[in-house]
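The structure appears below as structure tokens.
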Amino acid sequence: VFSGPALADAVSRYNLFCGGGVLPPKWGLGFWHRVPALFSAEEAMAEALEFRHRDYPCDVIGLEPGWHTRSYPATYEWDRERFPDPEGFVRGM
């Protein structure tokens with residue numbers, strides 16, 4: 001049982017008892033955006049650059065499962081038709 005003069009004190013004591021927490025990375029708290037599943041590398045890059053062009057902060061650009069050869073289960077093999085140069089795409093992003 002954890003208590004305190006205020007609820008925040010009880011929560012703080014519980015948190016300390018459990019080992020405390022960690023501060024997530026700044027990008028983890030920022031704006032995340034996912035492009036549509038059937039976007040190509042060029043379309044995904046264009047969308048990412050549009051955020052930058054409009055000076056809109058975007059910390060993470062996510063690709064829907066369509067970037068790899070099969071959605072589920074994930075193969076982690078790039079669809080070379082839509083992403084012919086995965087290394088260059090990741091580097092460019």
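If you're wondering about the labels, chains in the structure tokens are A, B, ... by order shown, residues count from 1 in each chain, ligands from 1 in order shown.
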Query - Near-Met45 (chain A) list (10 Å; only C-alpha atoms; drop same-chain fewer than 5 positions) as a list in words - result: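 My list of contacting residues is Val35, Phe39, Ser40, Glu50, Ile61, Phe89, Val90, Gly92 and Met93 of chain A.
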Report task. Identify, on the basis of only C-alpha atoms, every residue whose closest approach to His33 (chain A) does not exceed 10 Å; exclude the query and any residue fewer than 4 positions from it along the same chain; express the result as a VMD selection string. Result -> chain A and resid 47 to 48 58 to 63
Taking N, CA and C atoms for each residue, export the selection above as a tab-separated table (two decimals), in the first residue's frame.
chain	number	residue	atom	x	y	z
A	47	GLU	N	6.10	13.08	-49.77
A	47	GLU	CA	5.26	13.44	-48.62
A	47	GLU	C	6.12	13.92	-47.45
A	48	ALA	N	7.24	13.24	-47.21
A	48	ALA	CA	8.14	13.67	-46.14
A	48	ALA	C	8.70	15.06	-46.43
A	58	CYS	N	7.99	16.82	-38.19
A	58	CYS	CA	7.57	15.41	-38.30
A	58	CYS	C	8.76	14.57	-37.86
A	59	ASP	N	8.59	13.86	-36.77
A	59	ASP	CA	9.70	13.11	-36.19
A	59	ASP	C	9.86	11.70	-36.73
A	60	VAL	N	8.75	11.10	-37.17
A	60	VAL	CA	8.80	9.73	-37.67
A	60	VAL	C	7.89	9.62	-38.88
A	61	ILE	N	8.42	9.05	-39.97
A	61	ILE	CA	7.60	8.70	-41.13
A	61	ILE	C	7.52	7.18	-41.13
A	62	GLY	N	6.32	6.66	-41.03
A	62	GLY	CA	6.14	5.22	-41.00
A	62	GLY	C	5.65	4.70	-42.34
A	63	LEU	N	6.12	3.54	-42.70
A	63	LEU	CA	5.65	2.86	-43.90
A	63	LEU	C	4.70	1.76	-43.48
**Report entry** strand (DSSP E or B) residues, from DSSP on the backbone, in chain A, as a list in words
**Finding:**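 Residues of chain A classed as strand (DSSP E or B): Trp32, His33, Arg34, Val35, Val60, Ile61, Gly62, Leu63, His68 and Trp78 of chain A.
Here CA of Ala74 (chain A) and CA of Leu49 (chain A) stand 27.2 Å from one another.
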**Report entry** Those of chain A in DSSP helix (DSSP H, G or I), formatted as a PyMOL selection string
**Finding:** chain A and resi 7-17+26-29+41-53+65-67+86-92
Would you write out those residues with N, CA and C atoms, as a compact mmCIF listing (two decimals), in the first residue's frame?
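Once written, part_3.txt looks like this:
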# COMPACT_ATOMS: atom_id res chain seq x y z
N LEU A 7 -2.35 12.45 -3.79
CA LEU A 7 -2.27 11.33 -4.73
C LEU A 7 -0.93 11.31 -5.45
N ALA A 8 -0.41 12.48 -5.82
CA ALA A 8 0.89 12.55 -6.51
C ALA A 8 2.00 11.95 -5.67
N ASP A 9 1.94 12.12 -4.37
CA ASP A 9 2.95 11.53 -3.47
C ASP A 9 2.87 10.01 -3.51
N ALA A 10 1.67 9.47 -3.46
CA ALA A 10 1.50 8.02 -3.50
C ALA A 10 2.01 7.46 -4.82
N VAL A 11 1.68 8.11 -5.92
CA VAL A 11 2.14 7.66 -7.23
C VAL A 11 3.66 7.76 -7.31
N SER A 12 4.24 8.84 -6.79
CA SER A 12 5.70 9.01 -6.80
C SER A 12 6.37 7.90 -6.01
N ARG A 13 5.83 7.57 -4.85
CA ARG A 13 6.41 6.50 -4.02
C ARG A 13 6.31 5.14 -4.71
N TYR A 14 5.17 4.89 -5.36
CA TYR A 14 5.00 3.65 -6.10
C TYR A 14 6.02 3.58 -7.24
N ASN A 15 6.19 4.69 -7.96
CA ASN A 15 7.13 4.75 -9.07
C ASN A 15 8.55 4.48 -8.59
N LEU A 16 8.95 5.09 -7.48
CA LEU A 16 10.29 4.86 -6.93
C LEU A 16 10.46 3.41 -6.47
N PHE A 17 9.42 2.84 -5.88
CA PHE A 17 9.47 1.46 -5.43
C PHE A 17 9.68 0.51 -6.59
N LYS A 26 13.23 12.20 -27.49
CA LYS A 26 12.39 13.29 -27.97
C LYS A 26 11.57 12.89 -29.18
N TRP A 27 12.17 12.11 -30.11
CA TRP A 27 11.41 11.74 -31.31
C TRP A 27 10.22 10.86 -30.95
N GLY A 28 10.30 10.14 -29.84
CA GLY A 28 9.21 9.27 -29.43
C GLY A 28 7.99 10.05 -28.96
N LEU A 29 8.18 11.30 -28.59
CA LEU A 29 7.07 12.13 -28.14
C LEU A 29 6.56 13.04 -29.24
N ALA A 41 8.53 4.60 -53.12
CA ALA A 41 9.60 5.34 -52.48
C ALA A 41 9.51 6.82 -52.82
N GLU A 42 9.23 7.13 -54.09
CA GLU A 42 9.15 8.53 -54.53
C GLU A 42 7.99 9.25 -53.84
N GLU A 43 6.85 8.58 -53.73
CA GLU A 43 5.69 9.20 -53.09
C GLU A 43 5.92 9.42 -51.60
N ALA A 44 6.54 8.44 -50.94
CA ALA A 44 6.83 8.58 -49.51
C ALA A 44 7.82 9.71 -49.28
N MET A 45 8.85 9.80 -50.14
CA MET A 45 9.83 10.87 -50.00
C MET A 45 9.17 12.23 -50.26
N ALA A 46 8.31 12.31 -51.27
CA ALA A 46 7.63 13.57 -51.58
C ALA A 46 6.77 14.02 -50.40
N GLU A 47 6.10 13.08 -49.77
CA GLU A 47 5.26 13.44 -48.62
C GLU A 47 6.12 13.92 -47.45
N ALA A 48 7.24 13.24 -47.21
CA ALA A 48 8.14 13.67 -46.14
C ALA A 48 8.70 15.06 -46.43
N LEU A 49 9.08 15.31 -47.66
CA LEU A 49 9.62 16.62 -48.02
C LEU A 49 8.56 17.72 -47.94
N GLU A 50 7.32 17.37 -48.14
CA GLU A 50 6.23 18.36 -48.02
C GLU A 50 6.12 18.86 -46.58
N PHE A 51 6.30 17.97 -45.62
CA PHE A 51 6.32 18.41 -44.22
C PHE A 51 7.44 19.42 -44.01
N ARG A 52 8.60 19.10 -44.52
CA ARG A 52 9.74 20.00 -44.36
C ARG A 52 9.51 21.33 -45.09
N HIS A 53 8.98 21.25 -46.31
CA HIS A 53 8.71 22.46 -47.10
C HIS A 53 7.76 23.40 -46.36
N PRO A 65 2.68 -1.83 -43.86
CA PRO A 65 3.29 -3.11 -44.20
C PRO A 65 3.51 -3.36 -45.68
N GLY A 66 2.91 -2.60 -46.56
CA GLY A 66 3.09 -2.82 -47.99
C GLY A 66 4.50 -2.61 -48.51
N TRP A 67 5.42 -2.08 -47.70
CA TRP A 67 6.79 -1.86 -48.19
C TRP A 67 7.53 -3.16 -48.39
N PRO A 86 16.32 0.38 -51.57
CA PRO A 86 15.94 0.58 -50.16
C PRO A 86 17.01 1.31 -49.34
N GLU A 87 18.28 0.98 -49.57
CA GLU A 87 19.35 1.62 -48.82
C GLU A 87 19.36 3.12 -49.10
N GLY A 88 19.23 3.49 -50.38
CA GLY A 88 19.20 4.90 -50.76
C GLY A 88 17.98 5.61 -50.20
N PHE A 89 16.86 4.90 -50.19
CA PHE A 89 15.62 5.48 -49.64
C PHE A 89 15.80 5.79 -48.16
N VAL A 90 16.29 4.84 -47.40
CA VAL A 90 16.48 5.05 -45.96
C VAL A 90 17.49 6.16 -45.72
N ARG A 91 18.56 6.16 -46.47
CA ARG A 91 19.57 7.21 -46.33
C ARG A 91 18.97 8.59 -46.64
N GLY A 92 18.16 8.67 -47.69
CA GLY A 92 17.53 9.93 -48.07
C GLY A 92 16.52 10.43 -47.07
